[in-house]
>>> print(open('final.csv').read())   # CSV, C-alpha atoms
chain,number,residue,atom,x,y,z
A,58,MET,CA,154.2,72.9,41.8
A,59,THR,CA,156.2,69.7,41.3
A,60,ALA,CA,159.2,69.8,38.9
A,61,HIS,CA,157.6,66.9,37.0
A,62,GLN,CA,154.1,68.3,36.4
A,63,THR,CA,153.7,66.7,33.0
A,64,ILE,CA,153.9,62.9,32.8
A,65,SER,CA,153.8,60.8,29.6
A,66,ILE,CA,152.8,57.1,29.7
A,67,VAL,CA,154.2,55.4,26.6
A,68,GLY,CA,152.3,52.2,26.2
A,69,ALA,CA,148.5,52.1,26.5
A,70,GLY,CA,148.1,48.5,27.8
A,71,ALA,CA,146.3,47.7,31.0
A,72,TRP,CA,149.3,48.6,33.2
A,73,GLY,CA,150.0,51.8,31.3
A,74,THR,CA,146.4,52.9,31.6
A,75,ALA,CA,146.5,52.1,35.4
A,76,LEU,CA,149.6,54.2,35.8
A,77,ALA,CA,148.1,57.0,33.8
A,78,ASN,CA,145.2,57.1,36.3
A,79,ALA,CA,147.6,57.0,39.2
A,80,ALA,CA,149.6,59.9,37.9
A,81,ALA,CA,146.4,61.9,37.3
A,82,ARG,CA,145.3,61.1,40.8
A,83,ALA,CA,148.6,62.6,42.0
A,84,GLY,CA,147.7,65.9,40.3
A,85,ARG,CA,149.8,65.6,37.2
A,86,ASN,CA,148.9,66.5,33.7
A,87,VAL,CA,149.1,63.1,31.9
A,88,VAL,CA,149.6,62.1,28.3
A,89,LEU,CA,148.8,58.4,27.4
A,90,TYR,CA,150.5,57.3,24.2
A,91,ALA,CA,149.0,54.4,22.1
A,92,ARG,CA,151.0,53.4,19.0
A,93,ASP,CA,147.8,52.5,17.1
A,94,SER,CA,146.0,55.7,16.1
A,95,ALA,CA,142.6,54.0,16.0
A,96,ALA,CA,143.1,52.7,19.5
A,97,ALA,CA,144.1,56.1,20.7
A,98,GLU,CA,141.0,57.7,19.2
A,99,GLN,CA,138.7,55.1,20.7
A,100,ILE,CA,140.2,55.4,24.2
A,101,GLY,CA,140.1,59.2,24.0
A,102,GLN,CA,136.4,59.2,22.9
A,103,THR,CA,135.1,56.5,25.2
A,104,ARG,CA,137.4,57.3,28.1
A,105,GLU,CA,137.8,53.6,28.6
A,106,ASN,CA,140.5,51.2,27.5
A,107,PRO,CA,139.2,47.8,26.3
A,108,LYS,CA,142.3,46.3,27.8
A,109,LEU,CA,141.1,47.5,31.2
A,110,PRO,CA,137.3,47.3,31.0
A,111,GLY,CA,135.1,49.0,33.5
A,112,ILE,CA,137.8,51.6,34.4
A,113,GLN,CA,137.2,55.2,33.5
A,114,LEU,CA,140.1,57.3,32.4
A,115,ALA,CA,140.7,60.3,34.5
A,116,LYS,CA,139.8,63.7,33.0
A,117,ALA,CA,143.4,65.0,33.3
A,118,ILE,CA,144.6,62.3,30.8
A,119,ALA,CA,145.1,63.3,27.1
A,120,VAL,CA,145.3,60.3,24.7
A,121,THR,CA,147.6,60.5,21.7
A,122,SER,CA,149.3,58.4,19.0
A,123,ASP,CA,151.8,61.2,18.4
A,124,LEU,CA,155.2,60.2,19.9
A,125,THR,CA,156.5,63.7,19.5
A,126,GLN,CA,153.7,65.0,21.9
A,127,ALA,CA,154.5,62.2,24.3
A,128,GLY,CA,158.2,63.0,24.3
A,129,LYS,CA,157.6,66.6,25.5
A,130,ALA,CA,156.7,65.6,29.0
A,131,ASP,CA,158.8,66.4,32.1
A,132,ALA,CA,159.1,62.6,32.8
A,133,VAL,CA,158.2,59.5,30.8
A,134,LEU,CA,156.9,56.2,32.0
A,135,LEU,CA,157.9,53.5,29.5
A,136,VAL,CA,155.3,50.8,29.9
A,137,THR,CA,155.9,48.1,27.2
A,138,PRO,CA,156.7,44.4,27.5
A,139,ALA,CA,160.3,43.7,28.4
A,140,GLN,CA,161.2,42.1,25.0
A,141,SER,CA,159.7,45.1,23.1
A,142,LEU,CA,161.4,47.7,25.3
A,143,ARG,CA,164.4,48.3,23.0
A,144,GLU,CA,162.2,49.0,20.0
A,145,ALA,CA,160.0,51.4,22.0
A,146,ALA,CA,162.9,53.2,23.6
A,147,THR,CA,164.7,53.6,20.3
A,148,ALA,CA,161.6,55.1,18.7
A,149,LEU,CA,161.1,57.4,21.7
A,150,ALA,CA,164.7,58.6,22.1
A,151,PRO,CA,164.8,61.3,19.4
A,152,HIS,CA,161.7,63.0,21.0
A,153,LEU,CA,163.2,63.4,24.5
A,154,ALA,CA,165.1,66.4,25.8
A,155,PRO,CA,168.4,65.8,27.5
A,156,GLY,CA,168.1,64.8,31.1
A,157,THR,CA,164.5,63.6,30.8
A,158,PRO,CA,163.7,60.9,33.4
A,159,VAL,CA,162.6,57.7,31.7
A,160,VAL,CA,161.0,55.3,34.2
A,161,VAL,CA,160.8,51.7,32.9
A,162,CYS,CA,157.8,49.9,34.1
A,163,ALA,CA,158.6,46.5,32.6
A,164,LYS,CA,159.9,43.4,34.4
A,165,GLY,CA,162.4,41.2,32.6
A,166,ILE,CA,165.8,40.7,31.1
A,167,GLU,CA,166.4,41.0,27.3
A,168,ARG,CA,166.9,37.8,25.4
A,169,GLY,CA,170.2,37.4,23.7
A,170,THR,CA,171.9,40.4,25.3
A,171,HIS,CA,171.1,39.6,29.0
A,172,ARG,CA,170.6,43.4,29.4
A,173,PHE,CA,168.4,44.8,32.2
A,174,MET,CA,165.7,47.3,31.2
A,175,THR,CA,167.6,50.4,32.4
A,176,GLN,CA,170.7,49.3,30.5
A,177,ILE,CA,168.7,49.2,27.3
A,178,VAL,CA,167.5,52.7,27.9
A,179,THR,CA,171.0,53.9,28.5
A,180,GLU,CA,172.2,52.2,25.3
A,181,VAL,CA,169.6,53.6,22.9
A,182,ALA,CA,169.0,57.0,24.7
A,183,PRO,CA,172.3,58.0,26.5
A,184,HIS,CA,171.0,61.6,26.9
A,185,VAL,CA,168.2,60.6,29.3
A,186,VAL,CA,168.1,59.4,32.9
A,187,PRO,CA,166.9,55.8,33.3
A,188,ALA,CA,164.8,54.7,36.3
A,189,ILE,CA,162.8,51.6,37.2
A,190,LEU,CA,159.4,51.1,38.8
A,191,SER,CA,158.5,47.7,40.3
A,192,GLY,CA,156.8,46.1,43.2
A,193,PRO,CA,153.7,44.2,44.3
A,194,SER,CA,150.8,45.6,42.3
A,195,PHE,CA,148.0,44.7,39.9
A,196,ASP,CA,146.7,47.0,37.2
A,197,VAL,CA,143.1,46.9,38.2
A,198,ASP,CA,143.9,47.8,41.9
A,199,VAL,CA,146.1,50.8,40.8
A,200,ALA,CA,143.6,52.0,38.2
A,201,ARG,CA,140.8,52.0,40.8
A,202,GLY,CA,142.9,53.8,43.4
A,203,LEU,CA,143.2,50.9,45.8
A,204,PRO,CA,146.1,51.1,48.3
A,205,THR,CA,149.4,50.0,46.6
A,206,ALA,CA,153.1,50.4,47.4
A,207,VAL,CA,155.9,50.0,44.9
A,208,THR,CA,159.6,51.0,44.6
A,209,LEU,CA,161.0,53.5,42.2
A,210,ALA,CA,164.8,53.5,41.7
A,211,THR,CA,167.3,55.6,39.9
A,212,ASN,CA,171.0,56.2,40.6
A,213,ASP,CA,170.3,59.9,41.5
A,214,GLU,CA,168.6,59.9,45.0
A,215,THR,CA,167.4,63.5,44.6
A,216,LEU,CA,165.7,62.6,41.3
A,217,ALA,CA,164.3,59.4,42.8
A,218,LYS,CA,162.7,61.4,45.6
A,219,ALA,CA,161.3,64.0,43.1
A,220,LEU,CA,159.7,61.3,41.0
A,221,VAL,CA,158.2,59.6,44.0
A,222,HIS,CA,156.5,63.0,45.0
A,223,ALA,CA,155.4,63.5,41.4
A,224,LEU,CA,153.7,60.1,41.1
A,225,GLY,CA,152.7,59.4,44.7
A,226,SER,CA,149.3,59.9,46.3
A,227,ALA,CA,147.3,58.8,49.3
A,228,THR,CA,146.7,55.4,47.6
A,229,PHE,CA,149.7,54.9,45.3
A,230,ARG,CA,152.8,54.9,47.5
A,231,PRO,CA,156.2,54.7,45.7
A,232,TYR,CA,159.3,54.3,47.9
A,233,HIS,CA,162.5,55.6,46.5
A,234,SER,CA,165.8,53.7,46.1
A,235,THR,CA,169.1,54.0,44.4
A,236,ASP,CA,169.5,50.2,44.0
A,237,VAL,CA,168.4,50.0,40.4
A,238,ARG,CA,169.8,46.5,39.9
A,239,GLY,CA,168.1,45.2,43.0
A,240,VAL,CA,164.7,46.4,41.8
A,241,GLU,CA,165.2,45.0,38.3
A,242,ILE,CA,166.4,41.6,39.6
A,243,GLY,CA,163.4,41.3,41.9
A,244,GLY,CA,160.9,42.2,39.2
A,245,ALA,CA,162.3,39.8,36.6
A,246,ALA,CA,162.9,36.8,38.8
A,247,LYS,CA,159.6,36.8,40.6
A,248,ASN,CA,157.7,36.3,37.4
A,249,VAL,CA,159.5,33.0,36.8
A,250,LEU,CA,159.1,31.9,40.4
A,251,ALA,CA,155.4,32.7,40.3
A,252,ILE,CA,154.9,30.2,37.5
A,253,ALA,CA,156.6,27.6,39.7
A,254,ALA,CA,154.2,28.5,42.5
A,255,GLY,CA,151.2,28.2,40.2
A,256,ILE,CA,152.4,24.7,39.1
A,257,VAL,CA,152.5,23.7,42.8
A,258,ALA,CA,149.0,25.0,43.3
A,259,GLY,CA,147.6,23.5,40.1
A,260,ARG,CA,149.1,20.1,41.1
A,261,LYS,CA,147.4,20.5,44.5
A,262,LEU,CA,150.6,19.7,46.3
A,263,GLY,CA,149.4,21.6,49.4
A,264,ALA,CA,150.1,24.8,51.4
A,265,SER,CA,153.3,23.4,52.9
A,266,ALA,CA,154.8,22.7,49.4
A,267,LEU,CA,153.8,26.2,48.2
A,268,ALA,CA,155.4,27.8,51.3
A,269,ALA,CA,158.6,25.8,50.8
A,270,LEU,CA,158.6,26.7,47.1
A,271,THR,CA,158.2,30.4,47.8
A,272,THR,CA,160.9,30.5,50.4
A,273,ARG,CA,163.4,28.5,48.4
A,274,GLY,CA,162.6,30.7,45.4
A,275,PHE,CA,163.3,33.8,47.4
A,276,ALA,CA,166.7,32.3,48.4
A,277,GLU,CA,167.5,31.9,44.7
A,278,LEU,CA,166.4,35.4,44.1
A,279,MET,CA,168.6,36.7,46.9
A,280,ARG,CA,171.7,34.7,45.7
A,281,LEU,CA,171.3,36.0,42.1
A,282,GLY,CA,170.6,39.6,43.3
A,283,LEU,CA,173.7,39.7,45.4
A,284,ALA,CA,175.8,38.3,42.7
A,285,CYS,CA,174.6,41.0,40.3
A,286,GLY,CA,175.4,43.8,42.8
A,287,ALA,CA,172.0,44.3,44.4
A,288,LYS,CA,171.5,45.1,48.0
A,289,ALA,CA,170.0,42.5,50.3
A,290,GLU,CA,167.5,45.0,51.8
A,291,THR,CA,166.1,45.7,48.3
A,292,ILE,CA,165.6,42.1,47.6
A,293,ALA,CA,163.9,41.7,50.9
A,294,GLY,CA,161.7,44.7,50.3
A,295,LEU,CA,158.7,45.6,48.1
A,296,SER,CA,160.4,45.0,44.8
A,297,GLY,CA,161.7,41.6,45.9
A,298,LEU,CA,160.0,39.6,48.6
A,299,GLY,CA,156.8,41.7,48.5
A,300,ASP,CA,156.4,41.3,44.8
A,301,LEU,CA,157.2,37.6,45.0
A,302,LEU,CA,154.7,36.9,47.7
A,303,LEU,CA,151.9,38.6,45.9
A,304,SER,CA,152.7,37.0,42.6
A,305,CYS,CA,152.9,33.5,44.1
A,306,SER,CA,149.5,33.7,45.8
A,307,SER,CA,147.0,35.7,43.8
A,308,PRO,CA,144.9,34.5,40.8
A,309,GLN,CA,145.3,38.1,39.5
A,310,SER,CA,148.9,37.2,38.7
A,311,ARG,CA,149.2,36.1,35.1
A,312,ASN,CA,152.3,34.1,35.8
A,313,PHE,CA,150.7,32.3,38.7
A,314,SER,CA,147.6,31.5,36.7
A,315,HIS,CA,149.8,30.3,33.9
A,316,GLY,CA,151.5,27.9,36.3
A,317,ILE,CA,148.2,26.7,37.7
A,318,ALA,CA,147.0,25.7,34.2
A,319,LEU,CA,150.3,23.9,33.6
A,320,GLY,CA,150.0,22.1,36.9
A,321,LYS,CA,146.5,20.9,36.0
A,322,GLY,CA,147.6,19.7,32.7
A,323,GLU,CA,145.6,22.3,30.8
A,324,ALA,CA,146.6,24.6,28.0
A,325,PRO,CA,147.3,28.0,29.6
A,326,ALA,CA,145.0,30.8,28.5
A,327,ARG,CA,146.5,32.9,25.8
A,328,GLY,CA,145.9,36.6,24.8
A,329,LYS,CA,147.6,38.0,27.9
A,330,LEU,CA,151.3,38.5,28.3
A,331,VAL,CA,153.1,36.2,30.6
A,332,GLU,CA,156.5,37.7,31.1
A,333,GLY,CA,157.8,34.7,33.1
A,334,GLU,CA,157.8,32.6,30.0
A,335,PHE,CA,160.2,35.0,28.2
A,336,THR,CA,162.3,35.6,31.3
A,337,ALA,CA,162.9,32.1,32.4
A,338,PRO,CA,165.6,31.0,29.9
A,339,VAL,CA,167.4,34.3,30.1
A,340,LEU,CA,167.3,34.2,33.9
A,341,ILE,CA,169.0,30.8,33.9
A,342,GLU,CA,171.6,31.9,31.4
A,343,LEU,CA,172.4,34.9,33.6
A,344,ALA,CA,172.6,32.7,36.7
A,345,ALA,CA,175.0,30.4,34.9
A,346,GLU,CA,177.2,33.3,34.0
A,347,LYS,CA,177.3,34.3,37.7
A,348,ASN,CA,177.8,30.6,38.8
A,349,ILE,CA,174.6,30.8,40.8
A,350,GLU,CA,172.4,27.8,41.4
A,351,MET,CA,168.7,28.4,40.8
A,352,PRO,CA,167.1,24.9,40.8
A,353,VAL,CA,163.5,26.1,41.0
A,354,ALA,CA,163.9,28.6,38.2
A,355,SER,CA,165.8,26.1,36.2
A,356,ALA,CA,162.9,23.6,36.6
A,357,VAL,CA,160.5,26.1,35.3
A,358,ALA,CA,162.6,26.9,32.3
A,359,ALA,CA,163.0,23.2,31.6
A,360,ILE,CA,159.2,22.6,31.8
A,361,LEU,CA,158.4,25.6,29.5
A,362,ARG,CA,160.8,24.4,26.8
A,363,GLY,CA,159.6,20.8,27.1
A,364,ALA,CA,162.8,19.4,28.4
A,365,LEU,CA,161.1,18.0,31.5
A,366,THR,CA,157.6,17.0,32.4
A,367,ILE,CA,156.2,18.5,35.6
A,368,ASP,CA,156.5,15.2,37.4
A,369,GLU,CA,160.1,14.8,36.3
A,370,ALA,CA,160.9,18.4,37.5
A,371,ILE,CA,159.3,17.7,40.9
A,372,GLU,CA,161.3,14.5,41.3
A,373,THR,CA,164.5,16.3,40.3
A,374,LEU,CA,163.9,19.0,43.0
A,375,LEU,CA,162.9,16.5,45.7
A,376,THR,CA,165.9,14.3,45.1
A,377,ARG,CA,168.5,17.1,45.3
A,378,PRO,CA,171.1,16.6,48.0
A,379,PHE,CA,170.2,17.9,51.4
A,380,ARG,CA,172.0,21.2,52.2
A,381,ALA,CA,172.2,24.0,54.7
A,382,GLU,CA,169.6,26.7,54.8
A,383,GLY,CA,170.4,29.8,52.7
>>> encode(input="final.csv", output="structure tokens")
Amino acid sequence: MTAHQTISIVGAGAWGTALANAAARAGRNVVLYARDSAAAEQIGQTRENPKLPGIQLAKAIAVTSDLTQAGKADAVLLVTPAQSLREAATALAPHLAPGTPVVVCAKGIERGTHRFMTQIVTEVAPHVVPAILSGPSFDVDVARGLPTAVTLATNDETLAKALVHALGSATFRPYHSTDVRGVEIGGAAKNVLAIAAGIVAGRKLGASALAALTTRGFAELMRLGLACGAKAETIAGLSGLGDLLLSCSSPQSRNFSHGIALGKGEAPARGKLVEGEFTAPVLIELAAEKNIEMPVASAVAAILRGALTIDEAIETLLTRPFRAEG
């Protein structure tokens, strides 16, 4: 039996529900925590989450609104929006035993502090072991058991391997890493760059422009990642390039779809979280601290805050001085 037989998923959104099904499929005993007691009761009774319609919850999943129960697990997956993670981790911390692995499943950088997600966990719960899960995936695919590969990173390689074995199955394939920062950078930056790709698609600038945007965006991601201490192979792997390519090409990507609407001059659909909106200004601030140029991400941030129109942003990018590749 695995050392992490009981897995708690804190956050009963679409992604949390999908990961609960993935953990159950791996043979674990799963607790899915919903903060709202009425929502928890509904999900438990109907075995379906309205945020992920048409997907049945696996029988091995218990649904609760009791954070104490969720905190008793051998490992916890913290599945909340990036900007809400500090609040959720603070509430969860008193219920966790020392040494409990807490796997963050959010992609972003905290506004104001510029903290990465695992840094927040370390600050508010220094007695636990932070980890990060990221990579090219969509909640519906994972919930249905379609083949998906992601990266799971923590500083302790032995623990990383154990968590991969606890969560992995024939269709959900985590790859372990000790490059925590690389996985976090890739997940955060790709959301911003996916908005840029959506704008290009919405403006119908063509496949060549989209390919150029994606590759130049990846170069920005690589520069920032290396400046923050990430490893090049991580940025070039699942949690970097893989996640970026998927997010910049699929209508399932909320960030990409958001950009498409902007490119068409339409009001983006609301009601679903678009992490890239929140991450863009923080990413640019972090890049400035590191003296790293990120013209594509900067253009997205300027568009989102209304400092540039899309046409002005495109002109700014196209009139930049010619430079060497890289």
>>> closest_atom_pairs(input="final.csv", of="segment 122-238 of chain A", to="segment 317-337 of chain A", cutoff="8 Å", atoms="only C-alpha atoms", output="tab-separated table")
residue	atom	partner	partner_atom	distance
A:Pro138	CA	A:Glu332	CA	7.6
A:Ala139	CA	A:Glu332	CA	7.6
A:Gln140	CA	A:Phe335	CA	7.9
A:Lys164	CA	A:Glu332	CA	7.4
A:Gly165	CA	A:Thr336	CA	5.7
A:Ile166	CA	A:Thr336	CA	6.2
A:Glu167	CA	A:Thr336	CA	7.9
A:Arg168	CA	A:Phe335	CA	7.8
>>> residues_around(input="final.csv", residues="Ser355 of chain A", least_positions_apart="5", cutoff="12 Å", atoms="only C-alpha atoms", output="PDB file with C-alpha atoms, in the frame of the given file")
ATOM      1  CA  ALA A 246     162.900  36.800  38.800  1.00  0.00           C
ATOM      2  CA  VAL A 249     159.500  33.000  36.800  1.00  0.00           C
ATOM      3  CA  LEU A 250     159.100  31.900  40.400  1.00  0.00           C
ATOM      4  CA  ILE A 252     154.900  30.200  37.500  1.00  0.00           C
ATOM      5  CA  ALA A 253     156.600  27.600  39.700  1.00  0.00           C
ATOM      6  CA  GLY A 274     162.600  30.700  45.400  1.00  0.00           C
ATOM      7  CA  GLU A 277     167.500  31.900  44.700  1.00  0.00           C
ATOM      8  CA  THR A 336     162.300  35.600  31.300  1.00  0.00           C
ATOM      9  CA  ALA A 337     162.900  32.100  32.400  1.00  0.00           C
ATOM     10  CA  PRO A 338     165.600  31.000  29.900  1.00  0.00           C
ATOM     11  CA  VAL A 339     167.400  34.300  30.100  1.00  0.00           C
ATOM     12  CA  LEU A 340     167.300  34.200  33.900  1.00  0.00           C
ATOM     13  CA  ILE A 341     169.000  30.800  33.900  1.00  0.00           C
ATOM     14  CA  GLU A 342     171.600  31.900  31.400  1.00  0.00           C
ATOM     15  CA  LEU A 343     172.400  34.900  33.600  1.00  0.00           C
ATOM     16  CA  ALA A 344     172.600  32.700  36.700  1.00  0.00           C
ATOM     17  CA  ALA A 345     175.000  30.400  34.900  1.00  0.00           C
ATOM     18  CA  ILE A 349     174.600  30.800  40.800  1.00  0.00           C
ATOM     19  CA  GLU A 350     172.400  27.800  41.400  1.00  0.00           C
ATOM     20  CA  ILE A 360     159.200  22.600  31.800  1.00  0.00           C
ATOM     21  CA  LEU A 361     158.400  25.600  29.500  1.00  0.00           C
ATOM     22  CA  ARG A 362     160.800  24.400  26.800  1.00  0.00           C
ATOM     23  CA  ALA A 364     162.800  19.400  28.400  1.00  0.00           C
ATOM     24  CA  LEU A 365     161.100  18.000  31.500  1.00  0.00           C
ATOM     25  CA  ALA A 370     160.900  18.400  37.500  1.00  0.00           C
ATOM     26  CA  ILE A 371     159.300  17.700  40.900  1.00  0.00           C
ATOM     27  CA  THR A 373     164.500  16.300  40.300  1.00  0.00           C
ATOM     28  CA  LEU A 374     163.900  19.000  43.000  1.00  0.00           C
TER      29      LEU A 374
END
>>> closest_residue(input="final.csv", among="A:His315, A:Ala276, A:Ala83, A:Gln113", to="Val197 of chain A", atoms="only C-alpha atoms")
A:Gln113
>>> atom_distance(input="final.csv", atom1="atom CA of Gly263 of chain A", atom2="atom CA of Gly299 of chain A")
21.4 Å
>>> atom_distance(input="final.csv", atom1="atom CA of Asp196 of chain A", atom2="atom CA of Ser314 of chain A")
15.5 Å
>>> residues_around(input="final.csv", residues="Asp213 of chain A", least_positions_apart="3", cutoff="8 Å", atoms="only C-alpha atoms", output="JSON, numbers by chain")
{"A": [216, 217, 235]}
>>> residues_near_point(input="final.csv", point="(156.0, 41.4, 41.8)", cutoff="7 Å", atoms="all atoms listed in the file", output="list in words")
Ser191, Gly192, Pro193, Ser194, Gly244, Lys247, Asn248, Ser296, Gly299, Asp300, Leu301, Leu303 and Ser304 of chain A
>>> residues_around(input="final.csv", residues="Ala188 of chain A", least_positions_apart="4", cutoff="8 Å", atoms="all atoms listed in the file", output="list of chain:residue names")
A:Pro158, A:Val159, A:Val160, A:Val161, A:Thr175, A:Leu209, A:Ala210, A:Thr211, A:Asn212, A:Val237
>>> write_last_selection(input="final.csv", atoms="C-alpha atoms", output="PDB file, keeping the file's coordinate frame")
ATOM      1  CA  PRO A 158     163.700  60.900  33.400  1.00  0.00           C
ATOM      2  CA  VAL A 159     162.600  57.700  31.700  1.00  0.00           C
ATOM      3  CA  VAL A 160     161.000  55.300  34.200  1.00  0.00           C
ATOM      4  CA  VAL A 161     160.800  51.700  32.900  1.00  0.00           C
ATOM      5  CA  THR A 175     167.600  50.400  32.400  1.00  0.00           C
ATOM      6  CA  LEU A 209     161.000  53.500  42.200  1.00  0.00           C
ATOM      7  CA  ALA A 210     164.800  53.500  41.700  1.00  0.00           C
ATOM      8  CA  THR A 211     167.300  55.600  39.900  1.00  0.00           C
ATOM      9  CA  ASN A 212     171.000  56.200  40.600  1.00  0.00           C
ATOM     10  CA  VAL A 237     168.400  50.000  40.400  1.00  0.00           C
TER      11      VAL A 237
END
>>> closest_residue(input="final.csv", among="A:Thr208, A:Gln126, A:Ser141, A:Ser65", to="Leu295 of chain A", atoms="only C-alpha atoms")
A:Thr208
>>> atom_distance(input="final.csv", atom1="atom CA of Ala354 of chain A", atom2="atom CA of Ile177 of chain A")
23.8 Å
>>> residues_around(input="final.csv", residues="Asn86 of chain A", least_positions_apart="5", cutoff="10 Å", atoms="only C-alpha atoms", output="count of residues only")
13
>>> residues_around(input="final.csv", residues="Pro204 of chain A", least_positions_apart="6", cutoff="12 Å", atoms="only C-alpha atoms", output="compact mmCIF listing (two decimals) with C-alpha atoms, keeping the file's coordinate frame")
# COMPACT_ATOMS: atom_id res chain seq x y z
CA ALA A 79 147.60 57.00 39.20
CA PRO A 193 153.70 44.20 44.30
CA SER A 194 150.80 45.60 42.30
CA PHE A 195 148.00 44.70 39.90
CA ASP A 196 146.70 47.00 37.20
CA VAL A 197 143.10 46.90 38.20
CA ASP A 198 143.90 47.80 41.90
CA GLY A 225 152.70 59.40 44.70
CA SER A 226 149.30 59.90 46.30
CA ALA A 227 147.30 58.80 49.30
CA THR A 228 146.70 55.40 47.60
CA PHE A 229 149.70 54.90 45.30
CA ARG A 230 152.80 54.90 47.50
CA PRO A 231 156.20 54.70 45.70
>>> residues_near_point(input="final.csv", point="(141.1, 49.6, 25.5)", cutoff="9 Å", atoms="all atoms listed in the file", output="JSON, numbers by chain")
{"A": [69, 70, 71, 74, 96, 97, 99, 100, 104, 105, 106, 107, 108, 109, 110]}
